[in-house]
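Undergrad: Sharing a structure here in structure tokens format.
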Amino acid sequence: MRKSILVGVCLAALLPATAQAQNVEGRVGKLESEMRAVQRKVFPGGAGQMLQPEVRAPQGEQGPGPGSPANSAIIDVTQRVTSLEQQMTSLTEQIEQNQNRVRQLQDAFDSYRRTNDARLKALETGPAPIAAGGPIEPDDASNGGPSRPTPRPDTAAKPGTATPAPTKVSVEKPSTGDAAEDDYMYGYRLWAAKQYPQAEAQLKKVVADYPKSKRASYAQNLLGRSYLDEGKPSLASMAFYDNYKKMPDGERAPDSLLYLGQALTKLNKPADACKVYDELNDVYGAKMAAAMKGQVAAGRSAAKCK
């Protein structure tokens, strides 16, 4: 009878320790599963990279003695849990460091791409080299000057003929010591390079800064041509009219009337265009070169003048 009671007491004492061991084992299994998932993320594909927990019993600790199997198992499992938690912490830190490096590399690459794109764009839109023989003076032929090819963006190629390569003109500002001449030629080069907004700003500056220079008439006339080439006939007509009204004795006043007729024709005002051509013939007819007279005749035909 005493022996049965003793056995029962021993079993009752061992039950809590056994339950505790089973609970710790469950935690170990969960930690091991989570650690394998983390290891698969850090070392995709495996290839022998799975980390194993390193659990070593403290030095000098006495082995389990008779009669204490449950306490020894709990100590062993607790050590395994601690080791696993330490390894998971280390792996988590490693993942965060790798993600930070990836972000830094991505930021560096984006910065390089933006810089490279800006350089390519600058190369594509950079200034063209100056043509052989220097810049070409515009509108000389219309006033009886030497006949030299003038780059005209709106000139169409004849059917059956090859389109000539566009004339390359430098957009660098010249420096000859004549400020009015240099500023005008800079505006002309911008116009010839089809950089119309920049040319218009420069030509307006010439008219404002050098109103007494002969280049003021040139600049005001070329301002109207820039508007005309840019597809803004309304602004062009005002620029041409101002040149004729404010500088009627200027060298480009007749040209401005000629182009004013063309601008009005594009604005669907043929009657007004015809009046302008009549004014041109009345005021400057005796001074017009043959080339300009031919242009006037063509303009009157386009406007269907009587």
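By convention here, the chains of the structure tokens are called A, B, ... in the order presented, each chain's residues are numbered starting at 1, and ligands are numbered starting at 1 in the order presented.
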Considering only C-alpha atoms, return as a PyMOL selection string whatever protein or nucleic-acid residues lie within 12 Å of range 277-288 of chain A, sequence-local ones (same chain, fewer than 4 positions apart) excluded.
TA: chain A and resi 141-145+241+244+248-265+270-273+292-306
Undergrad: Check the DSSP output for the backbone and give back, as an NGL selection string, the residues of range 221-269 of chain A in alpha helix (DSSP H).
TA: :A and (221-229 or 233-246 or 253-266)
Undergrad: Give me, as a PyMOL selection string, all polymer residues having an atom no more than 6 Å from range 176-190 of chain A, counting only C-alpha atoms and skipping those fewer than 2 positions away in the same chain.
TA: chain A and resi 171+173-174+192-193+195+199+202-203
Undergrad: Please produce a file of those selected residues containing C-alpha atoms, as an mmCIF file, in the first residue's frame.
TA:
```cif
data_model
loop_
_atom_site.group_PDB
_atom_site.id
_atom_site.type_symbol
_atom_site.label_atom_id
_atom_site.label_comp_id
_atom_site.auth_asym_id
_atom_site.auth_seq_id
_atom_site.Cartn_x
_atom_site.Cartn_y
_atom_site.Cartn_z
ATOM 1 C CA VAL A 171 25.330 80.398 -82.632
ATOM 2 C CA LYS A 173 28.273 85.596 -80.436
ATOM 3 C CA PRO A 174 30.944 87.275 -82.587
ATOM 4 C CA ALA A 192 19.504 80.887 -89.154
ATOM 5 C CA ALA A 193 19.850 78.007 -86.649
ATOM 6 C CA GLN A 195 16.275 78.988 -82.589
ATOM 7 C CA ALA A 199 16.629 85.039 -81.944
ATOM 8 C CA GLN A 202 18.173 89.115 -79.243
ATOM 9 C CA LEU A 203 16.790 91.095 -82.196
#
```
Undergrad: Which residues are close to Tyr227 in chain A, i.e. within 12 Å by only C-alpha atoms, leaving aside same-chain residues fewer than 3 positions away? Reply as a ChimeraX atom specification.
TA: /A:153-154,191,194-201,203,220-224,230-240,259-260,263
Undergrad: Would you save the residues of that selection, restricted to N, CA, C and O atoms, as a compact mmCIF listing (two decimals), in the first residue's frame?
TA:
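And here is the file that came out, selection11.txt:
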```txt
# COMPACT_ATOMS: atom_id res chain seq x y z
N PRO A 153 14.34 78.82 -93.85
CA PRO A 153 13.70 77.60 -93.36
C PRO A 153 12.43 77.24 -94.11
O PRO A 153 12.04 76.09 -94.14
N ASP A 154 11.71 78.25 -94.75
CA ASP A 154 10.43 77.94 -95.36
C ASP A 154 10.54 77.69 -96.86
O ASP A 154 9.54 77.64 -97.56
N TRP A 191 18.61 83.01 -85.60
CA TRP A 191 17.50 82.83 -86.55
C TRP A 191 17.86 81.77 -87.60
O TRP A 191 17.04 80.91 -87.92
N LYS A 194 17.42 78.37 -86.57
CA LYS A 194 16.02 78.06 -86.25
C LYS A 194 15.73 78.07 -84.75
O LYS A 194 14.80 77.44 -84.28
N GLN A 195 16.53 78.80 -84.02
CA GLN A 195 16.28 78.99 -82.59
C GLN A 195 15.48 80.29 -82.44
O GLN A 195 15.98 81.31 -81.97
N TYR A 196 14.23 80.22 -82.88
CA TYR A 196 13.43 81.44 -83.06
C TYR A 196 13.19 82.23 -81.76
O TYR A 196 13.36 83.46 -81.77
N PRO A 197 12.78 81.63 -80.66
CA PRO A 197 12.55 82.44 -79.45
C PRO A 197 13.80 83.19 -79.00
O PRO A 197 13.73 84.36 -78.63
N GLN A 198 14.96 82.51 -79.04
CA GLN A 198 16.19 83.17 -78.65
C GLN A 198 16.56 84.29 -79.64
O GLN A 198 17.02 85.37 -79.25
N ALA A 199 16.33 84.03 -80.93
CA ALA A 199 16.63 85.04 -81.94
C ALA A 199 15.74 86.27 -81.76
O ALA A 199 16.22 87.41 -81.86
N GLU A 200 14.47 86.05 -81.48
CA GLU A 200 13.54 87.17 -81.32
C GLU A 200 13.93 88.06 -80.14
O GLU A 200 13.90 89.29 -80.22
N ALA A 201 14.32 87.42 -79.04
CA ALA A 201 14.74 88.19 -77.87
C ALA A 201 15.99 89.01 -78.19
O ALA A 201 16.12 90.18 -77.80
N LEU A 203 17.07 90.05 -81.20
CA LEU A 203 16.79 91.09 -82.20
C LEU A 203 16.04 92.28 -81.57
O LEU A 203 16.29 93.44 -81.92
N GLN A 220 14.79 94.72 -86.88
CA GLN A 220 13.32 94.75 -86.82
C GLN A 220 12.72 93.93 -87.96
O GLN A 220 11.73 93.22 -87.77
N ASN A 221 13.30 94.02 -89.14
CA ASN A 221 12.82 93.24 -90.28
C ASN A 221 13.02 91.74 -90.04
O ASN A 221 12.12 90.92 -90.30
N LEU A 222 14.21 91.39 -89.50
CA LEU A 222 14.48 89.97 -89.25
C LEU A 222 13.62 89.43 -88.11
O LEU A 222 13.29 88.24 -88.08
N LEU A 223 13.25 90.30 -87.19
CA LEU A 223 12.32 89.89 -86.13
C LEU A 223 10.99 89.44 -86.74
O LEU A 223 10.44 88.39 -86.36
N GLY A 224 10.48 90.22 -87.70
CA GLY A 224 9.24 89.81 -88.37
C GLY A 224 9.41 88.51 -89.13
O GLY A 224 8.52 87.65 -89.12
N GLU A 230 8.31 81.03 -87.80
CA GLU A 230 7.84 80.26 -86.65
C GLU A 230 6.35 79.94 -86.74
O GLU A 230 5.82 79.21 -85.91
N GLY A 231 5.68 80.47 -87.77
CA GLY A 231 4.26 80.21 -87.92
C GLY A 231 3.39 81.17 -87.13
O GLY A 231 2.29 80.80 -86.69
N LYS A 232 3.88 82.42 -86.94
CA LYS A 232 3.12 83.43 -86.20
C LYS A 232 2.94 84.67 -87.08
O LYS A 232 3.55 85.72 -86.85
N PRO A 233 2.11 84.57 -88.13
CA PRO A 233 1.98 85.69 -89.07
C PRO A 233 1.40 86.95 -88.45
O PRO A 233 1.69 88.05 -88.92
N SER A 234 0.58 86.82 -87.40
CA SER A 234 0.00 88.01 -86.78
C SER A 234 1.10 88.85 -86.12
O SER A 234 1.17 90.07 -86.32
N LEU A 235 1.97 88.21 -85.33
CA LEU A 235 3.08 88.94 -84.71
C LEU A 235 4.04 89.45 -85.78
O LEU A 235 4.62 90.54 -85.65
N ALA A 236 4.22 88.66 -86.84
CA ALA A 236 5.12 89.07 -87.92
C ALA A 236 4.61 90.35 -88.58
O ALA A 236 5.38 91.27 -88.87
N SER A 237 3.31 90.41 -88.84
CA SER A 237 2.75 91.60 -89.51
C SER A 237 2.96 92.86 -88.67
O SER A 237 3.27 93.94 -89.22
N MET A 238 2.84 92.75 -87.35
CA MET A 238 3.06 93.92 -86.49
C MET A 238 4.52 94.34 -86.51
O MET A 238 4.85 95.54 -86.52
N ALA A 239 5.44 93.37 -86.51
CA ALA A 239 6.87 93.69 -86.54
C ALA A 239 7.23 94.37 -87.86
O ALA A 239 7.99 95.37 -87.88
N PHE A 240 6.72 93.86 -88.99
CA PHE A 240 7.02 94.48 -90.29
C PHE A 240 6.44 95.90 -90.38
O PHE A 240 7.10 96.81 -90.87
N TYR A 259 7.35 91.57 -96.96
CA TYR A 259 6.99 90.45 -96.08
C TYR A 259 5.66 90.71 -95.36
O TYR A 259 4.96 89.77 -95.00
N LEU A 260 5.32 91.98 -95.17
CA LEU A 260 4.02 92.29 -94.57
C LEU A 260 2.90 91.81 -95.48
O LEU A 260 1.88 91.27 -95.01
N ALA A 263 2.62 88.11 -94.96
CA ALA A 263 1.99 87.78 -93.68
C ALA A 263 0.47 87.98 -93.75
O ALA A 263 -0.31 87.16 -93.24
```
Undergrad: Would you work out the distance separating CA of Asp242 in chain A from CA of Leu267 in chain A, expressed in Å to one decimal?
TA: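 So the answer is 17.6 Å.
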